[in-house]
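As stored in model26.txt (compact mmCIF, C-alpha atoms):
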```
# COMPACT_ATOMS: atom_id res chain seq x y z
CA MET J 1 109.26 117.73 160.66
CA ASN J 2 112.28 120.05 160.27
CA GLN J 3 111.47 123.68 159.52
CA VAL J 4 112.98 124.91 156.21
CA THR J 5 114.73 128.13 157.17
CA HIS J 6 116.30 130.98 155.21
CA GLU J 7 119.70 129.28 155.68
CA CYS J 8 118.27 126.01 154.31
CA ARG J 9 117.20 127.82 151.14
CA ALA J 10 120.67 129.34 150.78
CA VAL J 11 122.17 125.83 151.00
CA ASP J 12 119.58 124.58 148.46
CA ARG J 13 120.68 127.26 145.98
CA LEU J 14 124.34 126.58 146.58
CA VAL J 15 124.03 122.82 146.08
CA GLU J 16 122.09 123.40 142.86
CA GLU J 17 124.71 125.86 141.64
CA ARG J 18 127.41 123.27 142.33
CA LEU J 19 125.34 120.72 140.40
CA LEU J 20 125.04 122.93 137.31
CA LYS J 21 128.29 124.86 137.34
CA GLY J 22 130.51 123.12 139.87
CA GLY J 23 133.10 124.71 142.08
CA ALA J 24 130.84 126.98 144.17
CA GLU J 25 132.49 127.25 147.59
CA LEU J 26 130.57 126.89 150.85
CA SER J 27 130.51 130.09 152.88
CA PRO J 28 131.44 129.79 156.59
CA ALA J 29 127.77 130.51 157.46
CA ALA J 30 126.58 127.69 155.18
CA GLN J 31 129.17 125.34 156.69
CA ASP J 32 127.94 126.20 160.18
CA HIS J 33 124.34 125.63 159.11
CA ILE J 34 125.12 122.27 157.53
CA GLY J 35 126.74 121.24 160.81
CA THR J 36 123.52 121.85 162.72
CA CYS J 37 120.70 121.07 160.21
CA PRO J 38 120.19 117.32 159.49
CA ARG J 39 118.18 118.06 156.31
CA CYS J 40 120.87 120.25 154.78
CA ARG J 41 123.64 117.89 155.89
CA ASN J 42 121.83 115.01 154.18
CA LEU J 43 121.28 117.10 151.02
CA TYR J 44 124.88 118.27 150.93
CA ARG J 45 126.22 114.75 151.52
CA THR J 46 123.99 113.31 148.78
CA PHE J 47 125.34 115.74 146.19
CA SER J 48 128.94 115.50 147.36
CA GLN J 49 131.66 113.23 146.09
CA GLU J 50 130.99 110.60 148.78
CA GLY J 51 127.35 110.52 147.73
CA PHE J 52 126.18 111.09 144.21
CA GLY J 53 129.60 111.64 142.75
CA GLN J 54 130.80 108.19 143.65
CA ALA J 55 130.61 105.76 140.76
CA ALA J 56 130.18 102.15 141.78
CA GLY J 57 133.23 100.10 141.00
CA VAL J 58 133.37 97.47 138.28
CA PRO J 59 134.99 94.15 139.15
CA GLY J 60 138.49 94.02 137.68
CA GLY J 61 137.66 90.76 135.88
CA ALA J 62 134.78 92.42 134.03
CA THR J 63 136.88 95.32 132.71
CA GLN J 64 139.63 92.87 131.74
CA ARG J 65 137.14 90.74 129.78
CA ILE J 66 135.77 93.82 127.99
CA ALA J 67 139.24 95.13 127.14
CA GLU J 68 140.25 91.65 125.95
CA ARG J 69 137.24 91.45 123.65
CA LEU J 70 137.88 94.88 122.18
CA ARG J 71 141.58 94.13 121.65
CA SER J 72 140.75 90.91 119.78
CA THR J 73 139.15 92.91 116.95
CA LEU J 74 141.23 96.07 117.28
CA LYS J 75 142.38 97.60 114.01
CA PRO J 76 143.31 101.18 113.13
CA VAL J 77 140.32 103.06 111.73
CA ARG J 78 140.14 106.20 109.64
CA PRO J 79 138.03 108.84 111.43
CA LEU J 80 134.92 110.05 109.68
CA PRO J 81 135.45 113.43 107.97
CA PRO J 82 134.06 116.50 109.78
CA SER J 83 130.28 116.95 109.57
CA ARG J 84 130.59 120.02 107.32
CA VAL J 85 132.63 117.98 104.79
CA ILE J 86 130.01 115.21 104.75
CA ALA J 87 127.22 117.79 104.41
CA CYS J 88 129.05 119.44 101.49
CA ALA J 89 129.46 116.03 99.82
CA VAL J 90 125.71 115.39 100.17
CA VAL J 91 124.89 118.82 98.69
CA VAL J 92 127.32 118.36 95.78
CA LEU J 93 125.92 114.88 95.02
CA PHE J 94 122.37 116.21 95.23
CA VAL J 95 123.08 119.14 92.90
CA ALA J 96 124.98 116.91 90.41
CA PHE J 97 122.20 114.30 90.43
CA SER J 98 119.40 116.82 89.97
CA ALA J 99 121.39 118.70 87.28
CA ALA J 100 121.94 115.42 85.39
CA ILE J 101 118.18 114.75 85.43
CA MET J 102 117.23 118.31 84.51
CA MET J 103 119.57 118.30 81.51
CA ARG J 104 117.49 115.48 80.03
CA ILE J 105 114.04 116.97 80.52
CA ASN J 106 112.10 120.00 79.36
CA LEU J 107 112.28 122.66 82.10
CA ALA J 108 108.89 124.17 81.41
CA GLY J 109 108.55 125.37 85.01
CA ILE J 110 111.41 127.87 84.73
CA GLN J 111 109.80 129.42 81.64
CA VAL J 112 106.49 129.87 83.48
CA MET J 113 107.96 131.32 86.71
CA SER J 114 108.88 134.99 87.11
CA ARG J 115 112.45 135.94 88.04
CA VAL J 116 111.42 136.61 91.65
CA GLN J 117 109.76 133.21 91.87
CA VAL J 118 112.80 131.43 90.40
CA VAL J 119 115.25 133.19 92.73
CA GLY J 120 113.03 132.88 95.83
CA VAL J 121 112.21 129.20 95.38
CA SER J 122 115.77 128.27 94.36
CA ALA J 123 117.22 130.01 97.42
CA LEU J 124 114.80 128.22 99.75
CA LEU J 125 115.43 124.87 98.08
CA LEU J 126 119.16 125.36 98.60
CA VAL J 127 118.82 126.47 102.24
CA GLY J 128 116.52 123.54 103.01
CA LEU J 129 118.92 121.13 101.33
CA ALA J 130 121.91 122.52 103.26
CA LEU J 131 120.08 122.18 106.60
CA LEU J 132 118.93 118.65 105.86
CA ALA J 133 122.42 117.63 104.68
CA LEU J 134 124.01 119.07 107.84
CA SER J 135 121.43 117.34 109.99
CA LEU J 136 122.15 114.04 108.25
CA ALA J 137 125.90 114.48 108.69
CA ARG J 138 125.50 115.25 112.40
CA GLN J 139 123.27 112.24 112.95
CA MET J 140 126.16 110.08 111.72
CA ARG J 141 128.23 111.22 114.69
CA PRO J 142 126.86 110.59 118.22
CA GLY J 143 126.89 113.50 120.64
CA SER J 144 126.88 116.26 118.01
CA ALA J 145 125.57 119.67 118.97
CA TRP J 146 122.55 120.96 117.10
CA PRO J 147 120.64 124.15 117.87
CA VAL J 148 117.20 122.91 116.79
CA SER J 149 115.47 119.58 117.18
CA GLN J 150 116.57 117.39 114.30
CA SER J 151 113.32 115.46 114.48
CA TRP J 152 111.42 118.59 113.46
CA LEU J 153 113.87 119.78 110.83
CA PRO J 154 112.19 118.15 107.79
CA ALA J 155 108.85 119.64 108.89
CA LEU J 156 110.46 123.06 109.43
CA ALA J 157 112.14 122.99 106.00
CA ALA J 158 108.89 121.98 104.29
CA ALA J 159 106.90 124.59 106.25
CA GLY J 160 109.38 127.34 105.30
CA LEU J 161 109.18 126.43 101.63
CA GLY J 162 105.39 126.08 101.87
CA ALA J 163 105.03 129.58 103.32
CA ALA J 164 107.20 131.02 100.54
CA VAL J 165 105.22 129.18 97.87
CA ALA J 166 101.95 130.45 99.35
CA ALA J 167 103.28 134.01 99.24
CA LEU J 168 105.03 133.92 95.84
CA PHE J 169 102.67 131.93 93.63
CA PRO J 170 99.11 132.70 92.49
CA TRP J 171 96.15 130.77 93.93
CA GLU J 172 94.46 129.58 90.76
CA THR J 173 92.39 126.47 90.39
CA SER J 174 92.48 124.13 87.46
CA GLY J 175 90.06 121.41 86.48
CA ASP J 176 92.73 118.72 86.39
CA PHE J 177 94.01 119.34 89.93
CA VAL J 178 94.02 115.68 90.96
CA ALA J 179 94.95 114.16 87.58
CA ARG J 180 97.95 116.48 87.02
CA GLY J 181 98.86 116.43 90.69
CA SER J 182 99.01 112.67 91.03
CA GLN J 183 101.30 112.55 87.97
CA CYS J 184 103.66 115.01 89.67
CA LEU J 185 103.54 113.09 92.97
CA ARG J 186 104.34 109.81 91.23
CA ALA J 187 107.21 111.34 89.22
CA GLY J 188 108.64 113.02 92.34
CA LEU J 189 108.53 109.83 94.36
CA LEU J 190 110.20 107.86 91.54
CA LEU J 191 113.03 110.41 91.52
CA ALA J 192 113.31 110.13 95.30
CA VAL J 193 114.07 106.40 95.24
CA PRO J 194 117.65 106.55 93.84
CA ALA J 195 118.35 109.64 95.98
CA ALA J 196 117.23 107.73 99.08
CA ILE J 197 119.50 104.80 98.19
CA ALA J 198 122.50 107.13 97.71
CA SER J 199 121.79 109.05 100.94
CA GLY J 200 121.22 105.79 102.80
CA TYR J 201 124.61 104.54 101.65
CA ILE J 202 126.38 107.71 102.83
CA VAL J 203 124.63 107.70 106.19
CA SER J 204 125.42 104.02 106.80
CA ARG J 205 129.10 105.00 107.19
CA GLY J 206 128.25 106.64 110.51
CA ALA J 207 126.98 105.41 113.87
CA LEU J 208 123.22 105.83 113.78
CA LEU J 209 121.52 105.97 117.13
CA ASP J 210 117.99 106.95 116.14
CA LEU J 211 117.09 105.08 112.96
CA ASN J 212 113.57 106.47 113.01
CA ARG J 213 114.83 110.05 112.84
CA THR J 214 117.63 109.26 110.40
CA GLY J 215 115.17 107.43 108.15
CA ALA J 216 112.95 110.51 108.15
CA THR J 217 115.90 112.77 107.26
CA VAL J 218 117.06 110.46 104.44
CA GLY J 219 113.45 110.39 103.16
CA ALA J 220 113.22 114.18 103.38
CA ILE J 221 116.45 114.68 101.40
CA ALA J 222 115.30 112.18 98.78
CA GLY J 223 111.89 113.88 98.55
CA TRP J 224 113.63 117.26 98.37
CA LEU J 225 115.36 116.07 95.19
CA GLY J 226 112.04 115.03 93.68
CA LEU J 227 110.55 118.39 94.68
CA THR J 228 113.48 120.32 93.18
CA VAL J 229 113.24 118.61 89.80
CA LEU J 230 109.44 118.98 89.74
CA GLN J 231 109.68 122.66 90.60
CA TYR J 232 111.69 123.40 87.44
CA LYS J 233 109.93 120.88 85.21
CA CYS J 234 106.23 121.34 85.96
CA ASP J 235 104.39 124.09 84.06
CA LEU J 236 101.49 124.18 86.50
CA GLN J 237 102.92 126.78 88.87
CA ASN J 238 100.01 127.61 91.11
CA ALA J 239 100.21 127.60 94.91
CA ALA J 240 97.61 124.88 95.54
CA HIS J 241 99.25 122.46 93.10
CA LEU J 242 102.74 123.15 94.47
CA LEU J 243 101.70 122.89 98.12
CA VAL J 244 99.68 119.70 97.79
CA TRP J 245 101.46 117.68 95.14
CA HIS J 246 105.04 118.95 95.00
CA LEU J 247 105.51 119.38 98.76
CA GLY J 248 103.53 116.17 99.12
CA VAL J 249 106.55 114.35 97.67
CA VAL J 250 108.64 115.48 100.65
CA VAL J 251 105.89 114.62 103.13
CA VAL J 252 105.34 111.12 101.71
CA SER J 253 109.04 110.30 101.36
CA THR J 254 109.76 111.58 104.91
CA LEU J 255 107.00 109.38 106.32
CA VAL J 256 108.16 106.37 104.30
CA GLY J 257 111.77 106.99 105.43
CA ALA J 258 110.69 107.22 109.08
CA ALA J 259 108.66 104.00 108.73
CA ILE J 260 111.63 102.15 107.19
CA GLY J 261 113.88 103.48 109.96
CA ARG J 262 111.40 102.29 112.56
CA ILE J 263 111.28 98.79 111.05
CA LEU J 264 115.09 98.62 110.93
CA ALA J 265 115.36 99.80 114.55
CA HIS J 266 112.80 97.22 115.64
CA ARG J 267 114.64 94.47 113.80
CA SER J 268 118.02 95.44 115.23
CA ARG J 269 116.56 95.30 118.77
CA SER J 270 114.99 91.91 118.12
CA LEU J 271 118.33 90.31 117.31
CA MET W 1 130.10 120.20 136.27
CA GLY W 2 130.44 117.78 139.09
CA ASP W 3 133.11 118.17 141.73
CA ASP W 4 134.38 114.68 141.08
CA THR W 5 136.07 115.28 137.75
CA SER W 6 138.93 112.81 137.54
CA PRO W 7 142.34 114.45 137.30
CA GLY W 8 143.27 112.96 133.94
CA GLU W 9 139.97 113.65 132.21
CA HIS W 10 141.52 115.95 129.63
CA GLU W 11 143.65 112.98 128.55
CA LEU W 12 140.60 110.97 127.51
CA PRO W 13 140.30 112.46 123.99
CA ALA W 14 143.99 111.73 123.42
CA LEU W 15 143.42 108.13 124.51
CA MET W 16 140.46 107.88 122.14
CA ILE W 17 142.60 109.05 119.23
CA ARG W 18 145.16 106.37 120.13
CA TYR W 19 142.28 103.86 120.28
CA GLN W 20 141.31 104.86 116.73
CA ALA W 21 144.91 104.29 115.69
CA GLY W 22 144.76 100.73 117.09
CA ASP W 23 146.67 101.21 120.37
CA ALA W 24 145.76 98.30 122.70
CA GLU W 25 147.08 100.06 125.80
CA ALA W 26 144.78 103.03 125.18
CA VAL W 27 141.80 100.66 124.95
CA GLU W 28 142.58 99.16 128.33
CA THR W 29 143.05 102.55 130.01
CA LEU W 30 139.81 103.88 128.54
CA VAL W 31 137.84 100.80 129.62
CA GLN W 32 139.24 101.00 133.14
CA ARG W 33 138.65 104.70 133.49
CA LEU W 34 135.21 105.02 131.91
CA SER W 35 133.57 101.76 132.97
CA PRO W 36 132.67 102.78 136.58
CA PRO W 37 130.64 105.91 135.64
CA LEU W 38 129.17 104.12 132.62
CA ARG W 39 128.09 101.22 134.80
CA ARG W 40 126.45 103.61 137.23
CA TYR W 41 124.62 105.25 134.33
CA LEU W 42 123.48 101.91 132.88
CA ALA W 43 122.42 100.40 136.22
CA SER W 44 118.74 100.18 136.97
CA PRO W 45 116.73 98.72 139.85
CA TYR W 46 115.23 96.26 137.38
CA LEU W 47 118.58 94.81 136.41
CA THR W 48 120.74 92.28 138.21
CA THR W 49 124.47 92.91 138.55
CA GLY W 50 125.06 90.44 135.73
CA ASP W 51 122.56 92.20 133.45
CA THR W 52 124.25 95.54 134.12
CA GLU W 53 127.63 94.08 133.27
CA ASP W 54 126.19 92.64 130.06
CA LEU W 55 124.88 96.11 129.20
CA LEU W 56 128.27 97.62 129.95
CA GLN W 57 129.88 95.09 127.62
CA ASP W 58 127.28 95.83 124.93
CA CYS W 59 127.98 99.53 125.37
CA TRP W 60 131.72 99.02 124.86
CA MET W 61 131.10 96.87 121.79
CA ARG W 62 129.04 99.66 120.26
CA ILE W 63 131.68 102.22 121.18
CA HIS W 64 134.19 99.93 119.48
CA ARG W 65 132.12 99.67 116.28
CA ALA W 66 131.48 103.42 116.23
CA ARG W 67 135.01 104.53 117.15
CA HIS W 68 135.68 105.92 113.67
CA THR W 69 132.87 108.48 114.20
CA TYR W 70 134.63 110.22 117.10
CA SER W 71 136.19 113.51 116.07
CA SER W 72 139.04 115.07 118.02
CA GLU W 73 137.36 118.46 117.40
CA GLU W 74 134.43 117.39 119.58
CA PRO W 75 134.29 116.58 123.31
CA LEU W 76 134.53 112.87 124.10
CA MET W 77 132.06 112.41 126.95
CA PRO W 78 128.90 113.41 125.00
CA TRP W 79 129.97 110.99 122.27
CA ILE W 80 130.40 108.14 124.79
CA TYR W 81 127.18 108.92 126.68
CA ALA W 82 125.09 109.32 123.52
CA ILE W 83 126.01 105.70 122.71
CA ALA W 84 125.47 104.55 126.31
CA ARG W 85 122.06 106.23 126.34
CA HIS W 86 121.12 104.35 123.21
CA VAL W 87 122.22 101.04 124.78
CA ARG W 88 120.12 101.82 127.86
CA LEU W 89 117.05 102.76 125.79
CA ASP W 90 117.38 99.64 123.66
CA ALA W 91 117.61 97.44 126.77
CA TYR W 92 114.58 99.16 128.26
CA ARG W 93 112.51 98.63 125.10
CA ARG W 94 113.63 94.99 124.83
CA ARG W 95 112.66 94.39 128.45
CA ARG W 96 109.26 95.99 127.98
CA ARG W 97 108.57 93.87 124.89
CA ARG W 98 109.67 90.72 126.66
CA GLU W 99 107.53 91.50 129.69
CA ALA W 100 104.50 92.09 127.47
CA ARG W 101 104.92 88.61 125.98
CA GLU W 102 105.70 86.73 129.19
CA ILE W 103 103.00 85.07 131.25
CA LEU W 104 104.16 84.81 134.86
CA THR W 105 103.31 81.59 136.64
CA ASP W 106 104.69 82.67 140.00
CA THR W 107 105.32 85.85 141.96
CA PRO W 108 108.51 87.47 140.73
CA PRO W 109 111.36 87.53 143.25
CA ASP W 110 112.26 90.77 144.97
CA ARG W 111 114.56 93.12 143.08
CA PRO W 112 118.14 91.86 143.06
CA ALA W 113 120.18 92.75 146.07
CA GLY W 114 122.37 95.77 145.50
CA THR W 115 126.09 95.36 145.37
CA MET W 116 126.76 99.07 145.58
CA PRO W 117 128.18 100.84 148.61
CA ALA W 118 125.44 101.77 151.13
CA GLU W 119 125.49 105.50 150.29
CA THR W 120 125.37 104.87 146.54
CA ASP W 121 122.56 102.38 147.07
CA ARG W 122 120.60 104.95 149.10
CA ILE W 123 120.96 107.50 146.30
CA SER W 124 120.02 104.92 143.68
CA ARG W 125 116.82 104.23 145.61
CA LEU W 126 116.05 107.94 145.75
CA LEU W 127 116.74 108.30 142.04
CA GLU W 128 114.22 105.56 141.25
CA ASN W 129 111.50 108.07 142.11
CA LEU W 130 112.59 110.47 139.39
CA PRO W 131 111.46 110.38 135.75
CA GLU W 132 114.11 108.80 133.53
CA SER W 133 114.89 112.07 131.73
CA GLN W 134 115.72 113.81 135.03
CA ARG W 135 117.60 110.85 136.45
CA GLU W 136 119.94 110.55 133.47
CA VAL W 137 120.70 114.28 133.47
CA LEU W 138 121.59 114.23 137.19
CA ILE W 139 123.82 111.17 136.77
CA MET W 140 125.64 112.67 133.80
CA LEU W 141 126.21 115.92 135.68
CA LYS W 142 127.27 114.41 138.99
CA VAL W 143 128.75 110.98 138.31
CA SER W 144 130.39 111.69 134.97
CA GLY W 145 131.27 115.30 135.75
CA MET W 146 129.93 116.54 132.41
CA THR W 147 129.01 120.17 131.81
CA VAL W 148 125.45 121.22 130.97
CA GLU W 149 126.51 121.73 127.33
CA GLU W 150 128.03 118.24 127.16
CA VAL W 151 124.90 116.66 128.62
CA ALA W 152 122.84 118.55 126.04
CA ARG W 153 124.92 117.01 123.25
CA ALA W 154 124.66 113.53 124.75
CA ILE W 155 120.88 113.60 124.95
CA SER W 156 120.35 115.62 121.71
CA SER W 157 118.76 118.48 123.58
CA SER W 158 119.44 122.13 124.34
CA PRO W 159 121.41 123.39 127.38
CA GLY W 160 118.25 125.23 128.52
CA ALA W 161 116.24 122.01 128.52
CA VAL W 162 119.03 120.21 130.42
CA LYS W 163 119.07 122.95 133.09
CA GLN W 164 115.31 122.67 133.42
CA LYS W 165 115.45 118.87 133.81
CA ALA W 166 118.30 119.15 136.32
CA HIS W 167 116.38 121.76 138.30
CA ARG W 168 113.19 119.69 138.39
CA GLY W 169 115.13 116.56 139.31
CA TYR W 170 117.01 118.44 142.01
CA VAL W 171 113.81 119.87 143.52
CA ARG W 172 112.19 116.43 143.57
CA LEU W 173 115.28 114.81 145.04
CA ARG W 174 115.50 117.56 147.67
CA GLU W 175 111.92 116.81 148.73
CA LEU W 176 112.70 113.11 148.97
CA ILE W 177 115.85 113.77 150.98
CA GLY W 178 113.80 115.99 153.31
CA LYS W 179 111.31 113.17 153.87
CA ASP W 180 114.15 110.68 154.24
CA THR W 181 115.72 112.87 156.93
CA ASP W 182 112.42 113.28 158.78
CA SER W 183 111.83 109.55 158.85
```
Structure translated into structure tokens:
Amino acid sequence: MNQVTHECRAVDRLVEERLLKGGAELSPAAQDHIGTCPRCRNLYRTFSQEGFGQAAGVPGGATQRIAERLRSTLKPVRPLPPSRVIACAVVVLFVAFSAAIMMRINLAGIQVMSRVQVVGVSALLLVGLALLALSLARQMRPGSAWPVSQSWLPALAAAGLGAAVAALFPWETSGDFVARGSQCLRAGLLLAVPAAIASGYIVSRGALLDLNRTGATVGAIAGWLGLTVLQYKCDLQNAAHLLVWHLGVVVVSTLVGAAIGRILAHRSRSL
Amino acid sequence: MGDDTSPGEHELPALMIRYQAGDAEAVETLVQRLSPPLRRYLASPYLTTGDTEDLLQDCWMRIHRARHTYSSEEPLMPWIYAIARHVRLDAYRRRRRREAREILTDTPPDRPAGTMPAETDRISRLLENLPESQREVLIMLKVSGMTVEEVARAISSSPGAVKQKAHRGYVRLRELIGKDTDS
């Protein structure tokens, strides 16, 4: 077995650097070493243009057939607007839709909450909405950059709001915890249905690669609308009620959205 | 970035914009230029040459249907490879489901004979020993000449995670090459 020397390790580092950054030149010493060490020569050759870098050819007939097929249905298309524009449209629609609902109902929640609670919760609802809308817009466009995992975004948004609720609202118990709570959950989920349909329509304009994840995001946005309306309408503003039943709307709608996405993905693969 | 970046690679986004505008010549140039690295990415030891070409065609059809989602503000290769990755994953899941349902009545034939050049075939065999996540990162970096940031976009991950996968894949491949040399 060949002994791995100090020079071998230097070649290892150099080949890896070329892999990640490209362009790193071989020093004369490394070139000499590659000439004498079969292991390093093999490694260098594998990661060179003659080795790894060489893409296998495609028969000319195959590329012609593909190009022919694409040309047969070729029409000019209007590019999708930038992600920030789509995200803004989702936010505007969301705000308009929730405002239209809130104008028709008694906003008892606002009267019960203190100014700090109203400002704190409203700010977090808006930040969560903006993040979810941006995530949705980016999922419509393959290959978009995103600093955090989009799969975890609904959970992160809900956890952030949950932490704020736990800190801002009193922990009181009421005798009708389940009865009042289930009413809120049902109302929130009913509100989420039209929001999910509207979001689903917007998102269908894009190219969706992960229907499971997109379904979860659509569900989370829809549930976020239900949560927003409930937050201003419900007069039972204690932390336990808000965490279980109001945030529960987002949890349930996210799970339902993910399940629908999964079914759609399964069906599209079965075709 | 790989050292095999084709000279006209910066022209690809311009060709894509012409494709969006309905330019047939741009379609042909894009298909000719991008099909070889895409085919290499889609190829798998479990697929025959015909299956790989079907996948390549499927990939181009999806690119065609999604062409309106490409933005000239964004790099092209991550957009293309995100779609290709999806095609590959779908094919893999379909194959697994089919295999779970099938009852074999005879010994399956050996894997299809490779039609790749000998060196490429040797590397493909070495790559078979790598987990899929490391294999795809190495192919995107070396065959397609994408940067770490572009690969991160294509696989919906972070540049740090891509570097880690590339490093692990490289270390594993280096061990295999060492053994290959010894034998």
Polymer residues at most 12 Å from (127.4, 120.0, 107.5) by all atoms listed in the file, as a ChimeraX atom specification: /J:81-92,127,129-141,144-146
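Minimum atom-to-atom distances from W:Thr147, W:Arg125, W:His64, W:Leu56 to W:Leu38 were compared using only C-alpha atoms, and the lowest value belongs to W:Leu56.
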Restrict the distance test to only C-alpha atoms, flag each residue of chain W within 7 Å of chain J, and return the flagged residues as a PDB file with C-alpha atoms, in the coordinates of the input.
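So the final result, stored in selection_19.pdb, reads:
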```
ATOM      1  CA  MET W   1     130.100 120.200 136.270  1.00  0.00           C
ATOM      2  CA  GLY W   2     130.440 117.780 139.090  1.00  0.00           C
ATOM      3  CA  ASP W   3     133.110 118.170 141.730  1.00  0.00           C
ATOM      4  CA  ASP W   4     134.380 114.680 141.080  1.00  0.00           C
ATOM      5  CA  GLN W  20     141.310 104.860 116.730  1.00  0.00           C
ATOM      6  CA  ALA W  21     144.910 104.290 115.690  1.00  0.00           C
ATOM      7  CA  GLY W  22     144.760 100.730 117.090  1.00  0.00           C
ATOM      8  CA  ALA W  24     145.760  98.300 122.700  1.00  0.00           C
ATOM      9  CA  VAL W  27     141.800 100.660 124.950  1.00  0.00           C
ATOM     10  CA  GLU W  28     142.580  99.160 128.330  1.00  0.00           C
ATOM     11  CA  VAL W  31     137.840 100.800 129.620  1.00  0.00           C
ATOM     12  CA  GLN W  32     139.240 101.000 133.140  1.00  0.00           C
ATOM     13  CA  SER W  35     133.570 101.760 132.970  1.00  0.00           C
ATOM     14  CA  PRO W  36     132.670 102.780 136.580  1.00  0.00           C
ATOM     15  CA  PRO W  37     130.640 105.910 135.640  1.00  0.00           C
ATOM     16  CA  ARG W  40     126.450 103.610 137.230  1.00  0.00           C
ATOM     17  CA  GLN W  57     129.880  95.090 127.620  1.00  0.00           C
ATOM     18  CA  HIS W  64     134.190  99.930 119.480  1.00  0.00           C
ATOM     19  CA  ALA W  66     131.480 103.420 116.230  1.00  0.00           C
ATOM     20  CA  HIS W  68     135.680 105.920 113.670  1.00  0.00           C
ATOM     21  CA  THR W  69     132.870 108.480 114.200  1.00  0.00           C
ATOM     22  CA  TYR W  70     134.630 110.220 117.100  1.00  0.00           C
ATOM     23  CA  SER W  71     136.190 113.510 116.070  1.00  0.00           C
ATOM     24  CA  PRO W  78     128.900 113.410 125.000  1.00  0.00           C
ATOM     25  CA  TRP W  79     129.970 110.990 122.270  1.00  0.00           C
ATOM     26  CA  ALA W  82     125.090 109.320 123.520  1.00  0.00           C
ATOM     27  CA  ILE W  83     126.010 105.700 122.710  1.00  0.00           C
ATOM     28  CA  HIS W  86     121.120 104.350 123.210  1.00  0.00           C
ATOM     29  CA  ASP W  90     117.380  99.640 123.660  1.00  0.00           C
ATOM     30  CA  ARG W  94     113.630  94.990 124.830  1.00  0.00           C
ATOM     31  CA  MET W 116     126.760  99.070 145.580  1.00  0.00           C
ATOM     32  CA  GLU W 119     125.490 105.500 150.290  1.00  0.00           C
ATOM     33  CA  THR W 120     125.370 104.870 146.540  1.00  0.00           C
ATOM     34  CA  ILE W 123     120.960 107.500 146.300  1.00  0.00           C
ATOM     35  CA  LEU W 141     126.210 115.920 135.680  1.00  0.00           C
ATOM     36  CA  LYS W 142     127.270 114.410 138.990  1.00  0.00           C
ATOM     37  CA  VAL W 143     128.750 110.980 138.310  1.00  0.00           C
ATOM     38  CA  VAL W 148     125.450 121.220 130.970  1.00  0.00           C
ATOM     39  CA  ARG W 153     124.920 117.010 123.250  1.00  0.00           C
ATOM     40  CA  ALA W 154     124.660 113.530 124.750  1.00  0.00           C
ATOM     41  CA  SER W 156     120.350 115.620 121.710  1.00  0.00           C
ATOM     42  CA  SER W 158     119.440 122.130 124.340  1.00  0.00           C
ATOM     43  CA  ARG W 174     115.500 117.560 147.670  1.00  0.00           C
ATOM     44  CA  ILE W 177     115.850 113.770 150.980  1.00  0.00           C
ATOM     45  CA  GLY W 178     113.800 115.990 153.310  1.00  0.00           C
ATOM     46  CA  THR W 181     115.720 112.870 156.930  1.00  0.00           C
ATOM     47  CA  ASP W 182     112.420 113.280 158.780  1.00  0.00           C
TER      48      ASP W 182
END
```
Top pick for closest residue to J:Ala198, considering J:Val165, J:Val218, J:Ile101, J:Ala240 and counting all atoms listed in the file: J:Val218
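Between J:Arg213 and the residues J:Gly61, J:Gly181, J:Gly261, J:Pro170, the shortest atom-to-atom distance, using all atoms listed in the file, involves J:Gly261.
With all atoms listed in the file as the atoms that count, the residue of W:Leu47, W:Met16, W:Ile139, W:Leu30 with the shortest distance to W:Glu74 is W:Met16.
Here atom CA of W:Arg135 stands at a distance of 8.7 Å from atom CA of W:Lys165.
The coordinates place atom CA of W:Ala84 at 9.5 Å from atom CA of W:Arg39.
If you look at atom CA of W:Arg67 and atom CA of W:Pro13, they are 11.7 Å away from each other.
Those residues that approach W:Leu130 to within 8 Å, counting all atoms listed in the file, are Gly169, Arg172 and Leu173 of chain W; same-chain residues fewer than 6 positions away are not listed.
Checking J:Arg267, J:Gly215, J:Ile260, J:Leu225 one by one against J:Val95, counting all atoms listed in the file, you find the shortest gap at J:Leu225.
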